[in-house]
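Right, one structure below, let's go through it.
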Amino acid sequence: MIIYAGERGTFDYLAGLGIPVIFSGTLSQAEKLIVTEYSDQAVRLVREAILINIPVLGLLDGFLSIIKAFDGRYEEIECPEGKQEWAVVDTSCAIYQGLPTTIKICRGKPLGIIETVLPKELDCITRSKEGEIIAVCNLI
């Protein structure tokens, strides 16, 4: 079972794709957690999931909840929201395996993770062409 934390529209979209998500439930019964919102509740869920080794995927504003759960920080960067740009990805990460090391992405919020305070539990898996960290993972 995959527990979802976020807005209803994205939940309906994921369910429509056939992804077996539920809108609420207990983490102890979950296989995974998908977070698409930035809220105190989402940060709490991420922290709880991490403690019991449940994989977490942060989409949309969900990545902000993950960064905060690990006590990381981010900053606004010079980049318009929705801008398409080239990014360098870590192809040793499962999500990028089989892709070229440079791919075109569409940036969501114009935010970058501050590298000097990147929590040791998180690994950079994507950088903008300017070198900003724009995606991380935590290998459980």
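Labels used: A, B, ... for chains in the order of the structure tokens, numbers from 1 for residues in each chain, and numbers from 1 for ligands as shown.
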Per DSSP on the backbone, what are the alpha helix (DSSP H) residues of region 48-94 of chain A, as a list in words?
Glu48, Ala49, Ile50, Leu51, Gly62, Phe63, Leu64, Ser65, Ile66, Ile67, Lys68 and Ala69 of chain A
Residue subset to file, keeping N, CA, C and O atoms, as an mmCIF file, in the first residue's frame:
data_model
loop_
_atom_site.group_PDB
_atom_site.id
_atom_site.type_symbol
_atom_site.label_atom_id
_atom_site.label_comp_id
_atom_site.auth_asym_id
_atom_site.auth_seq_id
_atom_site.Cartn_x
_atom_site.Cartn_y
_atom_site.Cartn_z
ATOM 1 N N GLU A 48 8.453 10.277 10.342
ATOM 2 C CA GLU A 48 7.992 8.979 10.842
ATOM 3 C C GLU A 48 8.343 7.860 9.865
ATOM 4 O O GLU A 48 8.778 6.780 10.277
ATOM 5 N N ALA A 49 8.164 8.099 8.572
ATOM 6 C CA ALA A 49 8.477 7.095 7.556
ATOM 7 C C ALA A 49 9.966 6.752 7.573
ATOM 8 O O ALA A 49 10.348 5.582 7.483
ATOM 9 N N ILE A 50 10.797 7.756 7.706
ATOM 10 C CA ILE A 50 12.243 7.548 7.733
ATOM 11 C C ILE A 50 12.629 6.668 8.918
ATOM 12 O O ILE A 50 13.448 5.762 8.796
ATOM 13 N N LEU A 51 12.015 6.931 10.068
ATOM 14 C CA LEU A 51 12.334 6.160 11.275
ATOM 15 C C LEU A 51 12.027 4.673 11.128
ATOM 16 O O LEU A 51 12.695 3.836 11.734
ATOM 17 N N GLY A 62 6.449 18.441 -2.251
ATOM 18 C CA GLY A 62 6.827 17.387 -1.320
ATOM 19 C C GLY A 62 8.320 17.320 -1.058
ATOM 20 O O GLY A 62 8.743 16.944 0.031
ATOM 21 N N PHE A 63 9.137 17.731 -2.043
ATOM 22 C CA PHE A 63 10.576 17.699 -1.810
ATOM 23 C C PHE A 63 10.964 18.674 -0.707
ATOM 24 O O PHE A 63 11.919 18.446 0.030
ATOM 25 N N LEU A 64 10.198 19.756 -0.533
ATOM 26 C CA LEU A 64 10.479 20.707 0.548
ATOM 27 C C LEU A 64 10.235 20.054 1.906
ATOM 28 O O LEU A 64 10.985 20.290 2.859
ATOM 29 N N SER A 65 9.204 19.230 1.995
ATOM 30 C CA SER A 65 8.923 18.514 3.243
ATOM 31 C C SER A 65 10.055 17.556 3.577
ATOM 32 O O SER A 65 10.433 17.399 4.743
ATOM 33 N N ILE A 66 10.602 16.904 2.564
ATOM 34 C CA ILE A 66 11.709 15.975 2.790
ATOM 35 C C ILE A 66 12.957 16.729 3.243
ATOM 36 O O ILE A 66 13.621 16.325 4.204
ATOM 37 N N ILE A 67 13.271 17.837 2.584
ATOM 38 C CA ILE A 67 14.439 18.626 2.974
ATOM 39 C C ILE A 67 14.302 19.086 4.422
ATOM 40 O O ILE A 67 15.232 18.966 5.223
ATOM 41 N N LYS A 68 13.121 19.581 4.803
ATOM 42 C CA LYS A 68 12.919 20.044 6.176
ATOM 43 C C LYS A 68 12.976 18.875 7.160
ATOM 44 O O LYS A 68 13.510 19.012 8.257
ATOM 45 N N ALA A 69 12.444 17.721 6.789
ATOM 46 C CA ALA A 69 12.467 16.555 7.678
ATOM 47 C C ALA A 69 13.901 16.146 8.008
ATOM 48 O O ALA A 69 14.165 15.645 9.103
#
Contact residues around Glu130 (chain A) with only C-alpha atoms at 10 Å, ignoring same-chain residues under 4 positions, as a PyMOL selection string:
chain A and resi 86-88
Using DSSP on the backbone, list every residue of region 7-39 of chain A that comes out as strand (DSSP E), and give them as a PyMOL selection string.
chain A and resi 21-22+32-35
Tell me, as a PyMOL selection string, which residues lie within 8 Å of Glu37 (chain A), counting only C-alpha atoms; anything in the same chain fewer than 2 positions away does not count.
chain A and resi 5-7+35+39+42+59-62+64-65
Find the distance between CA of Gly112 (chain A) and CA of Thr36 (chain A) and write it in Å to one decimal.
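Result for CA of Gly112 (chain A) versus CA of Thr36 (chain A): 17.2 Å, one decimal.
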List as a list in words the protein and nucleic acid residues near Glu132 (chain A), meaning an atom at most 9 Å away when only C-alpha atoms are counted, but skip any in the same chain fewer than 2 places from it.
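That gives Ile77, Leu111, Gly112, Ile113, Ile114, Glu115, Thr126, Arg127, Ser128, Lys129, Glu130 and Ile134 of chain A.
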CA of Phe11 (chain A) to CA of Glu85 (chain A) measures 27.1 Å
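Here CA of Gln84 (chain A) stands at a distance of 6.2 Å from CA of Arg107 (chain A).
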For Pro20 (chain A), please output as an MDAnalysis selection string all residues within 7 Å (counting only C-alpha atoms; exclusion window: fewer than 3 positions along the same chain).
chainID A and resid 1:2 15
Keeping only N, CA, C and O atoms, write those residues as an mmCIF file, in the first residue's frame.
data_model
loop_
_atom_site.group_PDB
_atom_site.id
_atom_site.type_symbol
_atom_site.label_atom_id
_atom_site.label_comp_id
_atom_site.auth_asym_id
_atom_site.auth_seq_id
_atom_site.Cartn_x
_atom_site.Cartn_y
_atom_site.Cartn_z
ATOM 1 N N MET A 1 0.839 -1.175 0.000
ATOM 2 C CA MET A 1 0.000 0.000 0.000
ATOM 3 C C MET A 1 0.890 1.246 0.000
ATOM 4 O O MET A 1 1.908 1.280 0.679
ATOM 5 N N ILE A 2 0.517 2.225 -0.798
ATOM 6 C CA ILE A 2 1.238 3.497 -0.875
ATOM 7 C C ILE A 2 0.351 4.579 -0.271
ATOM 8 O O ILE A 2 -0.769 4.805 -0.728
ATOM 9 N N ALA A 15 -4.004 7.932 -8.933
ATOM 10 C CA ALA A 15 -4.924 6.790 -8.899
ATOM 11 C C ALA A 15 -5.406 6.458 -10.313
ATOM 12 O O ALA A 15 -5.539 5.288 -10.674
#
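Using only C-alpha atoms for every distance, the candidate list A:Tyr74, A:Ile103, A:Arg47, A:Ser24 yields A:Tyr74 as the residue closest to Thr116 (chain A).
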